[in-house]
Amino acid sequence: MVTKFSKETYLYWYELMLLIRQFELMAEEKYKMEGKIRGFFHAYVGQEAIAAGCMTATRPDDLFITAYRDHGLAIAKGVSVNSCMAELYGKATGCAKGKGGSMHFFSKECNFYGGHGIVGAQIGTGAGLAFAEKYRGSDNVTLAYFGDGAARQGMLHEVFNLAMHWKLPVIFICENNHYAMGTSVSRTSNITDIYKLADAYEMPADVIDGMSAEAVHDGVARAVRRAR
Ligand SMILES: Cc1ncc(C[n+]2csc(CCOP(=O)(O)OP(=O)(O)O)c2C)c(N)n1
Ligand SMILES: [Mg+2]
């Protein structure tokens, strides 16, 4: 087998994915056992390869914004696990000063713009971040993540339309884990290949194996070249 990536890259991916997994397993255990972590809790277990591949395909000054399943992407962006854990416990030392909890991790310094609980809202806010970067004349790209459930929100269509019309440097990443809470993708639309929604706006779109950091890196790197 030809190794396309360097040993350092594989080690970086492995360490990052392991860090996220360990954080989530520990946090979830505390959430269930202690009762000190209040509010909702959404783990990133199983989606770590997406965070890993996206990190090597982007620069630190590129922006990430996501939904409430935000722990893994925040950690990937460099938000310290201590400040993430503190945030879960509502402490002032948390990355959102303890005011947000699990769903609202945030760090402007790390270019991690949340952590949003309204399903699909970050699709629009993500396009807004990209608009701001373009307006300021930077060449930073914004990665806006959303779930398969959020793909059914009407705002996605308005945002896709304007993002293409205004040529915004934004990449929309649907993390399709097949379920929106208990509702399977096929129960909410006859379009189960979510990438096809992009066709209506002549937006380039790919299906990527989210279980492979290599595949995510390649796919996102392609999108980043276009967007930048
Ligand atoms: C506007 C809005 N409607 C409904 C909800 C309730 N809700 C919370 S999570 C969720 C499912 C979202 O599923 P998906 O986008 O696939 O994300 P996943 O949890 O799979 O990462 C819903 C409908 C909400 N938070 N916001
Ligand atoms: Mg889902």
# chains A, B, ... in the order shown; residues from 1 in each chain; ligands from 1
>>> residues_around(residues="Ala86 of chain A", least_positions_apart="6", cutoff="12 Å", atoms="only C-alpha atoms", output="list of chain:residue names")
A:Ala27, A:Lys36, A:Ile37, A:Arg38, A:Val79, A:Ser80, A:Ala92, A:Thr93, A:Gly94, A:Cys95, A:Ala96, A:Lys97, A:Gly98, A:Lys99, A:Gly100, A:Gly101, A:Ser102, A:Phe105
>>> write_last_selection(atoms="C-alpha atoms", output="tab-separated table (two decimals), in the first residue's frame")
chain	number	residue	atom	x	y	z
A	27	ALA	CA	-17.45	13.62	29.87
A	36	LYS	CA	-23.33	18.17	37.90
A	37	ILE	CA	-23.23	18.78	34.14
A	38	ARG	CA	-26.50	20.53	33.39
A	79	VAL	CA	-9.75	24.92	22.31
A	80	SER	CA	-8.12	23.38	25.40
A	92	ALA	CA	-16.11	30.67	34.70
A	93	THR	CA	-12.93	29.08	33.31
A	94	GLY	CA	-14.96	27.44	30.53
A	95	CYS	CA	-14.46	28.40	26.87
A	96	ALA	CA	-17.79	30.29	26.97
A	97	LYS	CA	-17.27	31.45	30.57
A	98	GLY	CA	-19.53	28.64	31.74
A	99	LYS	CA	-22.61	30.33	30.29
A	100	GLY	CA	-23.09	28.01	27.30
A	101	GLY	CA	-22.49	24.42	28.31
A	102	SER	CA	-22.17	21.46	25.96
A	105	PHE	CA	-18.48	25.94	23.04
>>> select_by_dssp(residues="segment 123-217 of chain A", states="helix (DSSP H, G or I)", output="ChimeraX atom specification")
/A:123-136,150-152,155-165,185-187,194-201,213-217
>>> residues_near_ligand(ligand="ligand 2", cutoff="9 Å", atoms="only C-alpha atoms and all ligand atoms", output="compact mmCIF listing (two decimals) with N, CA and C atoms, in the first residue's frame")
# COMPACT_ATOMS: atom_id res chain seq x y z
N PHE A 146 -23.20 20.96 9.50
CA PHE A 146 -24.59 20.78 9.93
C PHE A 146 -24.94 19.29 9.83
N GLY A 147 -25.98 18.89 10.54
CA GLY A 147 -26.40 17.48 10.53
C GLY A 147 -27.35 17.18 9.40
N ASP A 148 -27.63 15.90 9.20
CA ASP A 148 -28.59 15.51 8.17
C ASP A 148 -29.98 16.07 8.49
N GLY A 149 -30.29 16.19 9.77
CA GLY A 149 -31.58 16.77 10.14
C GLY A 149 -31.68 18.23 9.75
N ALA A 150 -30.57 18.95 9.93
CA ALA A 150 -30.55 20.39 9.58
C ALA A 150 -30.69 20.59 8.08
N CYS A 174 -22.07 18.54 5.55
CA CYS A 174 -23.16 17.82 6.21
C CYS A 174 -22.60 16.57 6.86
N GLU A 175 -22.62 16.54 8.17
CA GLU A 175 -22.16 15.34 8.90
C GLU A 175 -23.38 14.42 9.02
N ASN A 176 -23.48 13.52 8.05
CA ASN A 176 -24.67 12.67 7.96
C ASN A 176 -24.47 11.40 8.78
N ASN A 177 -25.06 11.41 9.98
CA ASN A 177 -24.98 10.21 10.83
C ASN A 177 -26.29 9.43 10.76
N HIS A 178 -27.05 9.69 9.71
CA HIS A 178 -28.27 8.95 9.33
C HIS A 178 -29.49 9.25 10.20
N TYR A 179 -29.30 9.93 11.31
CA TYR A 179 -30.45 10.20 12.17
C TYR A 179 -30.48 11.65 12.67
N ALA A 180 -31.68 12.20 12.73
CA ALA A 180 -31.93 13.47 13.39
C ALA A 180 -32.69 13.11 14.66
N MET A 181 -31.99 13.03 15.76
CA MET A 181 -32.51 12.40 16.99
C MET A 181 -32.95 10.99 16.61
N GLY A 182 -34.23 10.66 16.68
CA GLY A 182 -34.65 9.30 16.34
C GLY A 182 -35.15 9.15 14.91
N THR A 183 -35.07 10.21 14.12
CA THR A 183 -35.71 10.19 12.79
C THR A 183 -34.69 9.91 11.69
N SER A 184 -34.89 8.83 10.96
CA SER A 184 -33.93 8.47 9.92
C SER A 184 -34.07 9.39 8.71
N VAL A 185 -32.99 9.51 7.95
CA VAL A 185 -32.94 10.41 6.80
C VAL A 185 -34.09 10.13 5.82
>>> residues_around(residues="segment 214-221 of chain A", least_positions_apart="2", cutoff="12 Å", atoms="only C-alpha atoms", output="ChimeraX atom specification")
/A:3-6,9-10,13-14,47-59,141-144,170-175,204-212,223-228
>>> write_last_selection(atoms="C-alpha atoms", output="PDB file, in the first residue's frame")
ATOM      1  CA  THR A   3       1.350   5.811   2.042  1.00  0.00           C
ATOM      2  CA  LYS A   4       0.139   9.145   0.745  1.00  0.00           C
ATOM      3  CA  PHE A   5       0.449  11.024   3.990  1.00  0.00           C
ATOM      4  CA  SER A   6       3.464  11.488   6.213  1.00  0.00           C
ATOM      5  CA  THR A   9       0.130  13.472   9.681  1.00  0.00           C
ATOM      6  CA  TYR A  10      -1.019  10.013  10.722  1.00  0.00           C
ATOM      7  CA  TRP A  13      -4.760  12.407  13.247  1.00  0.00           C
ATOM      8  CA  TYR A  14      -4.418   9.523  15.675  1.00  0.00           C
ATOM      9  CA  GLN A  47     -17.318  11.388  13.946  1.00  0.00           C
ATOM     10  CA  GLU A  48     -13.698  12.067  14.960  1.00  0.00           C
ATOM     11  CA  ALA A  49     -12.251  11.355  11.499  1.00  0.00           C
ATOM     12  CA  ILE A  50     -14.199  14.301  10.086  1.00  0.00           C
ATOM     13  CA  ALA A  51     -12.557  16.717  12.519  1.00  0.00           C
ATOM     14  CA  ALA A  52      -9.133  15.170  11.844  1.00  0.00           C
ATOM     15  CA  GLY A  53      -9.343  15.360   8.045  1.00  0.00           C
ATOM     16  CA  CYS A  54     -10.749  18.901   8.109  1.00  0.00           C
ATOM     17  CA  MET A  55      -7.902  20.121  10.307  1.00  0.00           C
ATOM     18  CA  THR A  56      -5.118  19.043   7.951  1.00  0.00           C
ATOM     19  CA  ALA A  57      -7.044  20.412   4.955  1.00  0.00           C
ATOM     20  CA  THR A  58      -7.355  23.894   6.477  1.00  0.00           C
ATOM     21  CA  ARG A  59      -5.226  26.603   8.125  1.00  0.00           C
ATOM     22  CA  VAL A 141     -12.421  30.085   4.324  1.00  0.00           C
ATOM     23  CA  THR A 142     -15.288  29.168   6.636  1.00  0.00           C
ATOM     24  CA  LEU A 143     -16.352  25.575   7.263  1.00  0.00           C
ATOM     25  CA  ALA A 144     -20.011  25.431   8.286  1.00  0.00           C
ATOM     26  CA  VAL A 170     -17.779  28.969   2.635  1.00  0.00           C
ATOM     27  CA  ILE A 171     -17.778  25.181   2.626  1.00  0.00           C
ATOM     28  CA  PHE A 172     -20.892  23.455   3.903  1.00  0.00           C
ATOM     29  CA  ILE A 173     -20.219  20.083   5.470  1.00  0.00           C
ATOM     30  CA  CYS A 174     -23.165  17.824   6.214  1.00  0.00           C
ATOM     31  CA  GLU A 175     -22.165  15.344   8.897  1.00  0.00           C
ATOM     32  CA  PRO A 204     -19.946  21.764  -6.379  1.00  0.00           C
ATOM     33  CA  ALA A 205     -20.611  18.869  -3.983  1.00  0.00           C
ATOM     34  CA  ASP A 206     -19.041  15.536  -3.107  1.00  0.00           C
ATOM     35  CA  VAL A 207     -19.866  12.529  -0.999  1.00  0.00           C
ATOM     36  CA  ILE A 208     -16.995  11.776   1.356  1.00  0.00           C
ATOM     37  CA  ASP A 209     -16.469   8.795   3.646  1.00  0.00           C
ATOM     38  CA  GLY A 210     -16.599  10.447   7.063  1.00  0.00           C
ATOM     39  CA  MET A 211     -15.002   7.417   8.689  1.00  0.00           C
ATOM     40  CA  SER A 212     -11.730   8.052   6.828  1.00  0.00           C
ATOM     41  CA  ALA A 223     -13.241  22.317  -1.597  1.00  0.00           C
ATOM     42  CA  VAL A 224     -10.820  24.634   0.212  1.00  0.00           C
ATOM     43  CA  ARG A 225      -8.809  25.228  -2.986  1.00  0.00           C
ATOM     44  CA  ARG A 226     -11.998  26.221  -4.783  1.00  0.00           C
ATOM     45  CA  ALA A 227     -13.338  28.376  -1.975  1.00  0.00           C
ATOM     46  CA  ARG A 228     -10.092  30.207  -1.282  1.00  0.00           C
TER      47      ARG A 228
END
>>> closest_residue(among="A:Ile75, A:Ile123, A:Ala151, A:Leu19", to="ligand 1", atoms="only C-alpha atoms and all ligand atoms")
A:Ala151
>>> residues_around(residues="Gly72 of chain A", least_positions_apart="2", cutoff="8 Å", atoms="only C-alpha atoms", output="number ranges by chain")
A: 20, 43-44, 48, 51, 69-70, 74-76
>>> atom_distance(atom1="atom CA of Glu8 of chain A", atom2="atom CA of Lys77 of chain A")
17.7 Å
>>> atom_distance(atom1="atom CA of Asp62 of chain A", atom2="atom CA of Gly154 of chain A")
26.4 Å
>>> select_by_dssp(residues="segment 107-218 of chain A", states="strand (DSSP E or B)", output="MDAnalysis selection string")
chainID A and resid 107 112 142:147 170:175 179:180 183:184
>>> write_last_selection(atoms="C-alpha atoms", output="PDB file, in the first residue's frame")
ATOM      1  CA  SER A 107     -13.382  30.497  21.040  1.00  0.00           C
ATOM      2  CA  PHE A 112     -14.173  28.384  16.512  1.00  0.00           C
ATOM      3  CA  THR A 142     -15.288  29.168   6.636  1.00  0.00           C
ATOM      4  CA  LEU A 143     -16.352  25.575   7.263  1.00  0.00           C
ATOM      5  CA  ALA A 144     -20.011  25.431   8.286  1.00  0.00           C
ATOM      6  CA  TYR A 145     -21.024  22.022   9.622  1.00  0.00           C
ATOM      7  CA  PHE A 146     -24.587  20.781   9.929  1.00  0.00           C
ATOM      8  CA  GLY A 147     -26.397  17.483  10.533  1.00  0.00           C
ATOM      9  CA  VAL A 170     -17.779  28.969   2.635  1.00  0.00           C
ATOM     10  CA  ILE A 171     -17.778  25.181   2.626  1.00  0.00           C
ATOM     11  CA  PHE A 172     -20.892  23.455   3.903  1.00  0.00           C
ATOM     12  CA  ILE A 173     -20.219  20.083   5.470  1.00  0.00           C
ATOM     13  CA  CYS A 174     -23.165  17.824   6.214  1.00  0.00           C
ATOM     14  CA  GLU A 175     -22.165  15.344   8.897  1.00  0.00           C
ATOM     15  CA  TYR A 179     -30.450  10.201  12.172  1.00  0.00           C
ATOM     16  CA  ALA A 180     -31.930  13.467  13.391  1.00  0.00           C
ATOM     17  CA  THR A 183     -35.708  10.193  12.794  1.00  0.00           C
ATOM     18  CA  SER A 184     -33.931   8.466   9.916  1.00  0.00           C
TER      19      SER A 184
END
>>> closest_residue(among="A:Gly120, A:Gly114, A:Gly137, A:Gly35", to="Tyr89 of chain A", atoms="only C-alpha atoms")
A:Gly35
>>> closest_residue(among="A:Leu16, A:Ala127, A:Met103, A:Arg152", to="Ser186 of chain A", atoms="only C-alpha atoms")
A:Arg152
>>> atom_distance(atom1="atom CA of Phe160 of chain A", atom2="atom CA of Val119 of chain A")
16.0 Å
>>> closest_residue(among="A:Gly90, A:Pro60, A:Tyr135, A:Gly115", to="ligand 1", atoms="only C-alpha atoms and all ligand atoms")
A:Gly115
